file upload04.cif (mmCIF, C-alpha atoms)
data_data
loop_
_atom_site.label_atom_id
_atom_site.label_comp_id
_atom_site.auth_asym_id
_atom_site.auth_seq_id
_atom_site.Cartn_x
_atom_site.Cartn_y
_atom_site.Cartn_z
CA MET A 134 0.00 0.00 0.00
CA PRO A 135 1.42 3.44 -0.87
CA ALA A 136 2.13 5.68 2.08
CA LYS A 137 -0.54 8.28 2.82
CA ARG A 138 0.53 11.62 1.42
CA SER A 139 0.70 14.42 3.95
CA PRO A 140 -0.85 17.75 2.94
CA ALA A 141 1.60 20.51 2.12
CA ARG A 142 2.21 22.86 5.04
CA ARG A 143 0.91 26.35 4.49
CA PRO A 144 3.40 29.18 5.05
CA THR A 145 2.81 31.16 8.23
CA MET A 146 3.65 34.64 9.50
CA LYS A 147 6.46 33.01 11.49
CA ASP A 148 7.98 31.69 8.24
CA ILE A 149 7.77 35.17 6.72
CA ALA A 150 9.35 36.74 9.81
CA GLN A 151 12.27 34.30 9.74
CA ARG A 152 12.87 34.81 5.99
CA ALA A 153 12.57 38.62 6.21
CA GLY A 154 14.59 38.90 9.43
CA VAL A 155 11.90 40.76 11.38
CA SER A 156 9.51 40.02 14.25
CA GLU A 157 6.13 38.39 13.78
CA SER A 158 4.42 41.55 15.00
CA ALA A 159 6.23 43.53 12.29
CA VAL A 160 4.94 41.02 9.72
CA SER A 161 1.39 41.48 11.03
CA PHE A 162 1.68 45.28 10.83
CA ALA A 163 3.08 45.12 7.31
CA LEU A 164 0.58 42.66 5.86
CA ASN A 165 -2.42 44.36 7.46
CA ASP A 166 -1.25 47.79 6.31
CA ARG A 167 -1.01 49.16 9.85
CA PRO A 168 1.42 51.76 11.21
CA GLY A 169 4.42 50.62 13.22
CA VAL A 170 6.90 49.59 10.52
CA SER A 171 8.89 51.51 7.93
CA GLU A 172 7.97 51.43 4.24
CA ILE A 173 11.22 49.57 3.52
CA THR A 174 10.26 46.83 6.01
CA ARG A 175 6.69 46.74 4.70
CA ASP A 176 7.91 46.22 1.13
CA ARG A 177 10.38 43.51 2.19
CA VAL A 178 7.74 41.61 4.16
CA ARG A 179 5.29 41.73 1.25
CA ARG A 180 7.90 40.47 -1.20
CA VAL A 181 8.75 37.55 1.06
CA ALA A 182 5.06 36.74 1.57
CA GLU A 183 4.59 36.67 -2.20
CA GLN A 184 7.63 34.43 -2.67
CA LEU A 185 6.34 31.97 -0.06
CA GLY A 186 2.81 32.00 -1.48
CA TRP A 187 1.29 33.19 1.78
CA ARG A 188 -2.40 34.16 1.85
CA PRO A 189 -4.54 35.21 4.84
CA SER A 190 -6.94 32.49 5.98
CA THR A 191 -10.66 33.13 5.77
CA ALA A 192 -11.05 32.55 9.51
CA ALA A 193 -8.32 35.07 10.26
CA ARG A 194 -9.91 37.65 7.99
CA GLN A 195 -13.26 37.22 9.75
CA LEU A 196 -11.73 37.51 13.22
CA SER A 197 -9.93 40.70 12.22
CA GLY A 198 -13.11 42.18 10.76
CA GLU A 199 -11.78 42.14 7.19
CA GLY A 200 -14.58 39.96 5.82
CA ALA A 201 -14.74 36.58 4.11
CA ALA A 202 -13.26 37.61 0.73
CA THR A 203 -16.23 35.78 -0.80
CA VAL A 204 -19.51 36.81 -2.41
CA GLY A 205 -22.58 34.62 -2.74
CA LEU A 206 -25.00 33.70 -5.51
CA VAL A 207 -28.08 31.55 -4.84
CA LEU A 208 -30.24 30.24 -7.67
CA ALA A 209 -33.80 29.09 -6.94
CA ARG A 210 -34.51 27.20 -10.15
CA PRO A 211 -34.82 23.56 -11.19
CA ALA A 212 -31.25 22.27 -11.20
CA ASP A 213 -31.78 20.19 -14.35
CA THR A 214 -32.42 23.34 -16.42
CA LEU A 215 -29.08 25.00 -15.65
CA GLY A 216 -26.70 22.90 -17.71
CA VAL A 217 -28.20 24.04 -20.99
CA ASP A 218 -28.91 27.67 -20.07
CA SER A 219 -26.29 29.75 -21.87
CA PHE A 220 -27.44 32.98 -20.18
CA PHE A 221 -26.35 31.91 -16.71
CA LEU A 222 -23.11 30.37 -17.93
CA GLN A 223 -22.15 33.65 -19.61
CA LEU A 224 -23.39 35.76 -16.69
CA ILE A 225 -21.29 33.82 -14.19
CA SER A 226 -18.30 34.03 -16.53
CA GLY A 227 -18.50 37.82 -16.45
CA ILE A 228 -19.00 37.86 -12.68
CA GLN A 229 -16.00 35.60 -12.15
CA GLU A 230 -13.72 37.80 -14.28
CA VAL A 231 -14.23 40.76 -11.96
CA LEU A 232 -14.08 38.71 -8.75
CA ALA A 233 -10.81 37.09 -9.84
CA GLU A 234 -9.24 40.51 -10.35
CA ARG A 235 -10.09 41.31 -6.73
CA HIS A 236 -9.10 37.86 -5.41
CA LEU A 237 -12.68 37.29 -4.28
CA GLY A 238 -14.29 33.86 -4.27
CA LEU A 239 -17.79 33.00 -5.49
CA LEU A 240 -19.98 30.80 -3.28
CA PHE A 241 -22.73 29.32 -5.48
CA GLN A 242 -25.75 27.33 -4.31
CA VAL A 243 -28.88 25.97 -6.02
CA VAL A 244 -32.07 25.69 -3.94
CA GLU A 245 -35.68 24.66 -4.45
CA ASP A 246 -37.46 27.97 -3.92
CA VAL A 247 -37.20 31.54 -2.62
CA ASP A 248 -37.92 30.48 0.98
CA ASP A 249 -34.87 28.21 0.85
CA GLU A 250 -32.88 31.04 -0.73
CA CYS A 251 -33.79 33.37 2.15
CA ALA A 252 -32.72 30.69 4.62
CA VAL A 253 -29.34 30.49 2.89
CA TYR A 254 -28.88 34.27 3.21
CA ARG A 255 -29.66 34.13 6.91
CA ARG A 256 -27.19 31.29 7.43
CA TRP A 257 -24.44 32.96 5.41
CA TRP A 258 -24.94 36.20 7.33
CA ALA A 259 -24.89 34.45 10.73
CA GLU A 260 -21.78 32.45 9.82
CA HIS A 261 -19.97 35.42 8.17
CA ARG A 262 -19.60 33.27 5.05
CA VAL A 263 -19.95 36.08 2.48
CA ASP A 264 -19.31 39.80 2.31
CA GLY A 265 -22.17 40.44 -0.15
CA VAL A 266 -24.52 38.70 -2.56
CA LEU A 267 -25.67 38.84 -6.17
CA VAL A 268 -29.43 38.31 -6.44
CA VAL A 269 -30.93 36.92 -9.66
CA ASP A 270 -34.45 36.25 -10.93
CA PRO A 271 -36.32 39.11 -9.18
CA ARG A 272 -39.93 38.17 -8.43
CA THR A 273 -43.09 40.25 -8.73
CA ASP A 274 -43.78 39.53 -5.05
CA ASP A 275 -40.27 39.27 -3.66
CA ALA A 276 -39.35 38.80 0.00
CA ARG A 277 -35.59 38.96 -0.58
CA PRO A 278 -35.02 42.75 -0.73
CA ASP A 279 -36.69 43.25 2.68
CA LEU A 280 -34.59 40.46 4.16
CA LEU A 281 -31.34 41.81 2.74
CA ASP A 282 -32.19 45.26 4.09
CA GLU A 283 -32.89 43.71 7.50
CA LEU A 284 -29.59 41.81 7.51
CA GLY A 285 -27.59 44.75 6.15
CA LEU A 286 -26.01 42.39 3.63
CA PRO A 287 -24.60 44.30 0.61
CA ALA A 288 -26.45 43.13 -2.51
CA VAL A 289 -26.88 43.75 -6.21
CA VAL A 290 -30.15 42.68 -7.82
CA ILE A 291 -29.61 41.50 -11.40
CA GLY A 292 -32.50 42.03 -13.78
CA GLY A 293 -34.89 43.91 -11.52
CA ALA A 294 -36.18 47.39 -12.21
CA PRO A 295 -35.01 50.09 -9.75
CA ASP A 296 -37.00 50.03 -6.51
CA ALA A 297 -37.17 53.17 -4.37
CA ARG A 298 -38.33 51.09 -1.39
CA HIS A 299 -34.84 49.56 -1.07
CA PRO A 300 -32.35 52.39 -1.61
CA GLY A 301 -29.53 50.35 -0.06
CA LEU A 302 -29.61 47.71 -2.80
CA SER A 303 -27.93 48.23 -6.16
CA THR A 304 -29.73 47.15 -9.33
CA VAL A 305 -28.40 46.18 -12.76
CA TRP A 306 -31.20 45.85 -15.28
CA ALA A 307 -32.11 45.67 -18.94
CA ASP A 308 -35.20 47.05 -20.68
CA ASP A 309 -37.17 43.86 -21.38
CA ALA A 310 -40.18 45.94 -22.41
CA GLY A 311 -38.23 47.74 -25.12
CA ALA A 312 -36.81 44.47 -26.41
CA MET A 313 -40.23 42.81 -26.62
CA ALA A 314 -41.64 45.86 -28.40
CA ALA A 315 -38.87 45.60 -31.01
CA VAL A 316 -39.72 41.94 -31.66
CA VAL A 317 -43.43 42.68 -32.07
CA ASP A 318 -42.57 45.58 -34.40
CA GLU A 319 -40.55 43.23 -36.59
CA LEU A 320 -43.14 40.44 -36.67
CA SER A 321 -46.01 42.84 -37.26
CA ALA A 322 -44.15 44.45 -40.17
CA LEU A 323 -43.80 40.95 -41.67
CA GLY A 324 -47.58 40.53 -41.53
CA HIS A 325 -47.87 38.28 -38.48
CA ARG A 326 -51.11 38.61 -36.53
CA ARG A 327 -51.15 35.39 -34.52
CA ILE A 328 -48.19 35.28 -32.15
CA VAL A 329 -47.47 32.96 -29.23
CA HIS A 330 -44.87 33.91 -26.62
CA ILE A 331 -43.40 30.75 -25.04
CA ALA A 332 -42.25 32.38 -21.83
CA GLY A 333 -40.09 31.40 -18.89
CA LEU A 334 -41.01 30.79 -15.27
CA PRO A 335 -44.18 32.50 -14.01
CA GLY A 336 -43.73 35.01 -11.20
CA LEU A 337 -40.34 36.24 -12.40
CA ALA A 338 -40.33 40.01 -12.82
CA HIS A 339 -38.81 39.91 -16.30
CA THR A 340 -41.29 37.23 -17.44
CA GLU A 341 -44.20 39.41 -16.31
CA ARG A 342 -42.69 42.51 -17.96
CA ARG A 343 -42.41 40.68 -21.28
CA ILE A 344 -45.96 39.35 -21.02
CA ARG A 345 -47.36 42.80 -20.18
CA THR A 346 -45.45 44.43 -23.03
CA LEU A 347 -46.60 41.80 -25.54
CA ARG A 348 -50.20 42.38 -24.45
CA ALA A 349 -49.84 46.17 -24.68
CA GLU A 350 -48.24 45.98 -28.14
CA ALA A 351 -50.96 43.57 -29.32
CA ASP A 352 -53.69 45.87 -28.03
CA ARG A 353 -52.09 48.86 -29.73
CA ARG A 354 -52.06 47.05 -33.08
CA GLY A 355 -55.42 45.33 -32.70
CA LEU A 356 -53.90 41.83 -32.67
CA ALA A 357 -56.54 39.70 -30.94
CA GLU A 358 -54.81 36.30 -31.22
CA VAL A 359 -51.62 36.95 -29.27
CA ARG A 360 -50.90 35.05 -26.08
CA SER A 361 -48.17 33.88 -23.71
CA VAL A 362 -47.55 30.45 -22.16
CA THR A 363 -45.21 30.07 -19.19
CA THR A 364 -42.71 27.18 -18.95
CA ASP A 365 -39.68 26.09 -16.90
CA TYR A 366 -37.18 27.22 -19.61
CA SER A 367 -36.30 23.61 -20.50
CA ASP A 368 -36.00 22.16 -24.00
CA ALA A 369 -38.59 19.51 -23.07
CA GLU A 370 -41.27 22.05 -22.19
CA GLY A 371 -40.29 24.27 -25.12
CA ALA A 372 -40.89 21.37 -27.51
CA ALA A 373 -44.09 20.22 -25.78
CA VAL A 374 -45.68 23.67 -25.82
CA THR A 375 -44.68 24.16 -29.46
CA ARG A 376 -46.42 20.94 -30.49
CA ARG A 377 -49.59 21.89 -28.65
CA VAL A 378 -49.90 25.45 -29.95
CA LEU A 379 -49.17 24.36 -33.53
CA GLN A 380 -51.88 21.74 -33.20
CA GLY A 381 -54.30 24.49 -32.14
CA ARG A 382 -54.71 23.19 -28.59
CA VAL A 383 -55.47 25.47 -25.64
CA LEU A 384 -52.94 25.32 -22.79
CA GLU A 385 -53.67 25.77 -19.11
CA GLY A 386 -51.90 28.89 -17.87
CA GLU A 387 -52.04 30.79 -21.16
CA VAL A 388 -52.22 34.56 -20.96
CA PRO A 389 -54.20 35.98 -23.91
CA ALA A 390 -53.57 39.45 -25.29
CA GLY A 391 -56.74 40.73 -23.67
CA GLY A 392 -56.30 38.79 -20.42
CA THR A 393 -54.32 39.39 -17.27
CA VAL A 394 -50.71 38.65 -16.50
CA GLU A 395 -51.72 36.61 -13.47
CA GLY A 396 -53.58 33.92 -15.37
CA GLY A 397 -56.37 32.96 -17.70
CA VAL A 398 -56.82 30.66 -20.68
CA GLY A 399 -56.51 31.83 -24.27
CA GLU A 400 -59.26 31.36 -26.81
CA GLY A 401 -56.99 29.05 -28.84
CA GLY A 402 -58.12 27.34 -32.04
CA SER A 403 -55.92 29.20 -34.54
CA ARG A 404 -52.37 28.14 -35.18
CA PRO A 405 -49.82 30.90 -34.62
CA THR A 406 -47.75 32.28 -37.49
CA ALA A 407 -44.91 33.37 -35.19
CA LEU A 408 -43.36 32.04 -31.97
CA ILE A 409 -41.23 34.02 -29.49
CA TYR A 410 -39.20 31.90 -27.06
CA ASP A 411 -37.72 33.22 -23.81
CA ASN A 412 -34.39 31.46 -24.35
CA ASP A 413 -32.31 29.87 -27.08
CA VAL A 414 -32.70 26.29 -25.82
CA MET A 415 -36.49 26.35 -26.07
CA ALA A 416 -36.30 27.98 -29.50
CA VAL A 417 -34.03 25.26 -30.89
CA ALA A 418 -36.27 22.56 -29.40
CA GLY A 419 -39.29 24.37 -30.83
CA VAL A 420 -37.89 24.39 -34.37
CA ALA A 421 -37.26 20.64 -34.11
CA ALA A 422 -40.80 20.04 -32.85
CA ALA A 423 -42.35 22.18 -35.61
CA THR A 424 -40.35 20.31 -38.26
CA GLU A 425 -41.49 16.96 -36.88
CA LEU A 426 -45.10 18.11 -37.27
CA GLY A 427 -44.50 19.05 -40.90
CA PHE A 428 -44.27 22.83 -40.47
CA SER A 429 -41.48 24.73 -42.20
CA VAL A 430 -39.56 27.58 -40.56
CA PRO A 431 -40.10 30.35 -41.59
CA GLY A 432 -42.50 29.34 -44.39
CA ASP A 433 -45.29 28.27 -42.01
CA VAL A 434 -44.13 29.75 -38.72
CA SER A 435 -41.46 32.32 -37.83
CA VAL A 436 -39.29 31.84 -34.74
CA VAL A 437 -37.45 34.35 -32.51
CA ALA A 438 -35.22 33.42 -29.55
CA TRP A 439 -34.79 35.85 -26.66
CA GLU A 440 -31.11 35.03 -25.94
CA ASP A 441 -28.67 34.80 -28.82
CA SER A 442 -25.95 32.15 -28.54
CA ALA A 443 -23.92 29.71 -30.62
CA LEU A 444 -26.94 27.38 -30.52
CA CYS A 445 -28.89 29.85 -32.66
CA ARG A 446 -26.27 29.46 -35.40
CA MET A 447 -25.94 25.68 -35.14
CA VAL A 448 -29.42 24.82 -36.45
CA LYS A 449 -31.07 25.23 -39.82
CA PRO A 450 -32.48 27.71 -40.30
CA TRP A 451 -30.31 30.06 -38.26
CA LEU A 452 -32.46 31.63 -35.56
CA SER A 453 -33.38 35.28 -35.34
CA ALA A 454 -32.56 36.32 -31.78
CA LEU A 455 -32.25 39.14 -29.29
CA SER A 456 -28.56 39.69 -28.67
CA ARG A 457 -26.78 41.30 -25.75
CA ASP A 458 -23.38 41.06 -24.12
CA THR A 459 -24.32 38.79 -21.22
CA VAL A 460 -20.70 38.45 -20.07
CA GLU A 461 -20.54 42.25 -19.75
CA PHE A 462 -23.86 42.13 -17.89
CA GLY A 463 -22.17 39.87 -15.33
CA ARG A 464 -19.09 42.10 -15.17
CA THR A 465 -21.26 45.14 -14.50
CA ALA A 466 -23.12 43.41 -11.68
CA ALA A 467 -19.89 42.24 -10.05
CA LYS A 468 -18.35 45.72 -10.32
CA GLU A 469 -21.39 47.24 -8.63
CA LEU A 470 -21.08 44.73 -5.78
CA THR A 471 -17.36 45.36 -5.28
CA SER A 472 -18.16 49.08 -5.25
CA LEU A 473 -20.63 48.49 -2.41
CA LEU A 474 -18.01 46.44 -0.55
CA ASP A 475 -15.60 49.36 -0.93
CA GLY A 476 -18.13 51.67 0.70
CA GLY A 477 -19.64 53.14 -2.45
CA PRO A 478 -23.31 54.16 -2.77
CA ALA A 479 -26.05 51.89 -4.07
CA ARG A 480 -26.94 52.62 -7.69
CA ALA A 481 -29.36 51.58 -10.42
CA VAL A 482 -27.42 50.77 -13.60
CA ARG A 483 -29.19 50.16 -16.88
CA VAL A 484 -27.40 48.02 -19.46
CA PRO A 485 -28.07 48.34 -23.23
CA VAL A 486 -31.37 47.05 -24.60
CA PRO A 487 -30.98 43.64 -26.33
CA GLN A 488 -30.88 44.11 -30.11
CA LEU A 489 -32.87 41.95 -32.50
CA ILE A 490 -30.71 40.15 -35.07
CA SER A 491 -32.85 38.99 -37.98
CA ARG A 492 -31.73 35.69 -39.52
CA GLU A 493 -33.30 32.86 -41.51
CA SER A 494 -36.02 31.83 -39.00
CA THR A 495 -38.21 34.91 -39.55
CA GLY A 496 -39.99 35.84 -42.75
CA PRO A 497 -43.26 37.21 -44.16
CA CYS A 498 -46.44 35.59 -42.91
CA GLY A 499 -46.95 32.79 -45.45
CA ALA A 500 -49.90 31.00 -46.94
CA GLY A 501 -49.01 27.57 -45.54
CA PRO A 502 -51.07 25.54 -43.05
CA SER A 503 -50.86 28.32 -40.45
CA GLY A 504 -50.97 31.30 -42.80
CA ASP A 505 -53.64 34.02 -43.03
#

call {"tool": "encode", "arguments": {"input": "upload04.cif", "output": "structure tokens"}}
result
Amino acid sequence: MPAKRSPARRPTMKDIAQRAGVSESAVSFALNDRPGVSEITRDRVRRVAEQLGWRPSTAARQLSGEGAATVGLVLARPADTLGVDSFFLQLISGIQEVLAERHLGLLFQVVEDVDDECAVYRRWWAEHRVDGVLVVDPRTDDARPDLLDELGLPAVVIGGAPDARHPGLSTVWADDAGAMAAVVDELSALGHRRIVHIAGLPGLAHTERRIRTLRAEADRRGLAEVRSVTTDYSDAEGAAVTRRVLQGRVLEGEVPAGGTVEGGVGEGGSRPTALIYDNDVMAVAGVAAATELGFSVPGDVSVVAWEDSALCRMVKPWLSALSRDTVEFGRTAAKELTSLLDGGPARAVRVPVPQLISRESTGPCGAGPSGD
């Protein structure tokens, strides 16, 4: 049997003191940027610490009041939908870029619902696990901002509109309403009058904003057969809903153009001539489902994906999509959080409106099985 390998010993302040030829107290003063040592000694101690690969322990940072050097991100979504969601992968990539520059760690956890998410925040706060948090998926009825205010935990809400009730929280948001209006403009100009929006999770603030905007734009143009259907963002539900709406079947939970955001069932009966999907994964699955049913894209039905990604350019036809720099979105959110940690004021930062890129999946309303 091979001998058990002992873990490498971490360098200590005593090691630095011996190498630099100074006392341990001088090392502590130098590394914690406190008075009591000369600049020459401070520079020598820091060089030696770098050579030895010394880093302060998290426990030591907490005891000294310097924080955990970690920020938190909790996601209350079905775990099986995350692996194919390009938005979150790109968002976290941007967040991590900024945190790495500041030598901050990211503590990530997936939970079942918002109640569990709130419990995580309370535990992290009590245990001094994180210095601040990034909050995603704002809800229409959201308990998290009040809790974060109560705890005094620095936070940036990603995707929520500015909220004057919580001036201590920063917000980074995009204009979902403007983006949806641009899509409806494009489809309407192509002659489409029957549009189905295959939306994301119900109760999310951005889902409700998109549904409300679609309804308002439909009302403004007199489009009576426009409706939304909420899903879990997965390819399976995207395909299932596509099959049902193209077969003219009414779905429980539909929100018709003249209905309410909270619920209702659409009149149904007519096949849509255009489909708007709330992410790229559902759009790709939807194209496959439409093709299986014998519908051509865009001859019989046009398709628009909300999030552009490589997936949109890996299928035939290439998908029209709303494009934005999601990595930069993540960078912006992380920068706002580090600003709060540095003592800066809370702010509401608006990122550019997603731009519609027209590709092969959208075209004039045709005269096929679903045409006017």

call {"tool": "resolve_selection", "arguments": {"input": "upload04.cif", "expression": "the PyMOL selection byres ((chain A and resi 442-453) around 7)", "output": "list of chain:residue names"}}
result
A:Asp413, A:Val436, A:Val437, A:Ala438, A:Glu440, A:Asp441, A:Ala454, A:Ile490, A:Ser491, A:Arg492, A:Glu493, A:Ser494, A:Thr495

call {"tool": "resolve_selection", "arguments": {"input": "upload04.cif", "expression": "the PyMOL selection byres ((chain A and resi 466-479) around 6)", "output": "list in words"}}
result
Ile228, Val289, Gly301, Leu302, Ser303, Gly463, Arg464, Thr465 and Arg480 of chain A

call {"tool": "write_last_selection", "arguments": {"input": "upload04.cif", "atoms": "C-alpha atoms", "output": "PDB file, keeping the file's coordinate frame"}}
result
ATOM      1  CA  ILE A 228     -19.000  37.860 -12.680  1.00  0.00           C
ATOM      2  CA  VAL A 289     -26.880  43.750  -6.210  1.00  0.00           C
ATOM      3  CA  GLY A 301     -29.530  50.350  -0.060  1.00  0.00           C
ATOM      4  CA  LEU A 302     -29.610  47.710  -2.800  1.00  0.00           C
ATOM      5  CA  SER A 303     -27.930  48.230  -6.160  1.00  0.00           C
ATOM      6  CA  GLY A 463     -22.170  39.870 -15.330  1.00  0.00           C
ATOM      7  CA  ARG A 464     -19.090  42.100 -15.170  1.00  0.00           C
ATOM      8  CA  THR A 465     -21.260  45.140 -14.500  1.00  0.00           C
ATOM      9  CA  ARG A 480     -26.940  52.620  -7.690  1.00  0.00           C
TER      10      ARG A 480
END

call {"tool": "closest_residue", "arguments": {"input": "upload04.cif", "among": "A:Ala421, A:Leu356, A:Val305, A:Ala351", "to": "Pro485 of chain A", "atoms": "all atoms listed in the file"}}
result
A:Val305

call {"tool": "resolve_selection", "arguments": {"input": "upload04.cif", "expression": "the PyMOL selection byres ((chain A and resi 419) around 8)", "output": "PyMOL selection string"}}
result
chain A and resi 368+371-372+375-376+415-418+420-423

call {"tool": "residues_near_point", "arguments": {"input": "upload04.cif", "point": "(-35.4, 30.9, -18.6)", "cutoff": "6 Å", "atoms": "all atoms listed in the file", "output": "ChimeraX atom specification"}}
result
/A:333,366,412

call {"tool": "residues_around", "arguments": {"input": "upload04.cif", "residues": "Leu208 of chain A", "least_positions_apart": "2", "cutoff": "12 Å", "atoms": "only C-alpha atoms", "output": "JSON, numbers by chain"}}
result
{"A": [205, 206, 210, 211, 212, 214, 215, 221, 225, 240, 241, 242, 243, 244, 245, 246, 247, 248, 249, 250, 251, 253, 254, 266, 267, 268, 269, 270, 271, 291]}

call {"tool": "write_last_selection", "arguments": {"input": "upload04.cif", "atoms": "C-alpha atoms", "output": "mmCIF file, keeping the file's coordinate frame"}}
result
data_model
loop_
_atom_site.group_PDB
_atom_site.id
_atom_site.type_symbol
_atom_site.label_atom_id
_atom_site.label_comp_id
_atom_site.auth_asym_id
_atom_site.auth_seq_id
_atom_site.Cartn_x
_atom_site.Cartn_y
_atom_site.Cartn_z
ATOM 1 C CA GLY A 205 -22.580 34.620 -2.740
ATOM 2 C CA LEU A 206 -25.000 33.700 -5.510
ATOM 3 C CA ARG A 210 -34.510 27.200 -10.150
ATOM 4 C CA PRO A 211 -34.820 23.560 -11.190
ATOM 5 C CA ALA A 212 -31.250 22.270 -11.200
ATOM 6 C CA THR A 214 -32.420 23.340 -16.420
ATOM 7 C CA LEU A 215 -29.080 25.000 -15.650
ATOM 8 C CA PHE A 221 -26.350 31.910 -16.710
ATOM 9 C CA ILE A 225 -21.290 33.820 -14.190
ATOM 10 C CA LEU A 240 -19.980 30.800 -3.280
ATOM 11 C CA PHE A 241 -22.730 29.320 -5.480
ATOM 12 C CA GLN A 242 -25.750 27.330 -4.310
ATOM 13 C CA VAL A 243 -28.880 25.970 -6.020
ATOM 14 C CA VAL A 244 -32.070 25.690 -3.940
ATOM 15 C CA GLU A 245 -35.680 24.660 -4.450
ATOM 16 C CA ASP A 246 -37.460 27.970 -3.920
ATOM 17 C CA VAL A 247 -37.200 31.540 -2.620
ATOM 18 C CA ASP A 248 -37.920 30.480 0.980
ATOM 19 C CA ASP A 249 -34.870 28.210 0.850
ATOM 20 C CA GLU A 250 -32.880 31.040 -0.730
ATOM 21 C CA CYS A 251 -33.790 33.370 2.150
ATOM 22 C CA VAL A 253 -29.340 30.490 2.890
ATOM 23 C CA TYR A 254 -28.880 34.270 3.210
ATOM 24 C CA VAL A 266 -24.520 38.700 -2.560
ATOM 25 C CA LEU A 267 -25.670 38.840 -6.170
ATOM 26 C CA VAL A 268 -29.430 38.310 -6.440
ATOM 27 C CA VAL A 269 -30.930 36.920 -9.660
ATOM 28 C CA ASP A 270 -34.450 36.250 -10.930
ATOM 29 C CA PRO A 271 -36.320 39.110 -9.180
ATOM 30 C CA ILE A 291 -29.610 41.500 -11.400
#

call {"tool": "atom_distance", "arguments": {"input": "upload04.cif", "atom1": "atom CA of Ala310 of chain A", "atom2": "atom CA of Arg345 of chain A"}}
result
8.1 Å

call {"tool": "atom_distance", "arguments": {"input": "upload04.cif", "atom1": "atom CA of Val484 of chain A", "atom2": "atom CA of Arg343 of chain A"}}
result
16.8 Å

call {"tool": "closest_residue", "arguments": {"input": "upload04.cif", "among": "A:Asp279, A:Ala233, A:Gln223, A:Arg327", "to": "Arg298 of chain A", "atoms": "all atoms listed in the file"}}
result
A:Asp279

call {"tool": "closest_residue", "arguments": {"input": "upload04.cif", "among": "A:Val263, A:Ser219, A:Val155, A:Ala252", "to": "Leu280 of chain A", "atoms": "all atoms listed in the file"}}
result
A:Ala252

call {"tool": "residues_near_point", "arguments": {"input": "upload04.cif", "point": "(-30.6, 45.1, -25.4)", "cutoff": "9 Å", "atoms": "all atoms listed in the file", "output": "PyMOL selection string"}}
result
chain A and resi 307-309+311-312+455-458+484-489

call {"tool": "decode", "arguments": {"input": "upload04.cif", "residues": "segment 159-170 of chain A", "atoms": "N, CA and C atoms", "output": "mmCIF file, in the first residue's frame"}}
result
data_model
loop_
_atom_site.group_PDB
_atom_site.id
_atom_site.type_symbol
_atom_site.label_atom_id
_atom_site.label_comp_id
_atom_site.auth_asym_id
_atom_site.auth_seq_id
_atom_site.Cartn_x
_atom_site.Cartn_y
_atom_site.Cartn_z
ATOM 1 N N ALA A 159 5.942 42.651 13.428
ATOM 2 C CA ALA A 159 6.235 43.525 12.292
ATOM 3 C C ALA A 159 5.595 42.974 11.015
ATOM 4 N N VAL A 160 5.592 41.651 10.873
ATOM 5 C CA VAL A 160 4.942 41.023 9.715
ATOM 6 C C VAL A 160 3.441 41.320 9.726
ATOM 7 N N SER A 161 2.816 41.205 10.913
ATOM 8 C CA SER A 161 1.394 41.477 11.030
ATOM 9 C C SER A 161 1.079 42.923 10.653
ATOM 10 N N PHE A 162 1.892 43.867 11.160
ATOM 11 C CA PHE A 162 1.680 45.276 10.830
ATOM 12 C C PHE A 162 1.814 45.507 9.329
ATOM 13 N N ALA A 163 2.818 44.894 8.724
ATOM 14 C CA ALA A 163 3.083 45.124 7.305
ATOM 15 C C ALA A 163 1.989 44.552 6.419
ATOM 16 N N LEU A 164 1.569 43.313 6.725
ATOM 17 C CA LEU A 164 0.581 42.656 5.859
ATOM 18 C C LEU A 164 -0.822 43.205 6.033
ATOM 19 N N ASN A 165 -1.090 43.787 7.212
ATOM 20 C CA ASN A 165 -2.416 44.362 7.455
ATOM 21 C C ASN A 165 -2.437 45.866 7.247
ATOM 22 N N ASP A 166 -1.343 46.377 6.666
ATOM 23 C CA ASP A 166 -1.247 47.794 6.310
ATOM 24 C C ASP A 166 -1.505 48.698 7.513
ATOM 25 N N ARG A 167 -0.875 48.364 8.630
ATOM 26 C CA ARG A 167 -1.014 49.159 9.848
ATOM 27 C C ARG A 167 0.288 49.900 10.139
ATOM 28 N N PRO A 168 0.192 51.034 10.853
ATOM 29 C CA PRO A 168 1.418 51.757 11.205
ATOM 30 C C PRO A 168 2.261 50.953 12.190
ATOM 31 N N GLY A 169 3.540 51.310 12.281
ATOM 32 C CA GLY A 169 4.422 50.618 13.223
ATOM 33 C C GLY A 169 5.660 50.043 12.584
ATOM 34 N N VAL A 170 5.708 50.049 11.231
ATOM 35 C CA VAL A 170 6.901 49.587 10.522
ATOM 36 C C VAL A 170 7.219 50.583 9.420
#
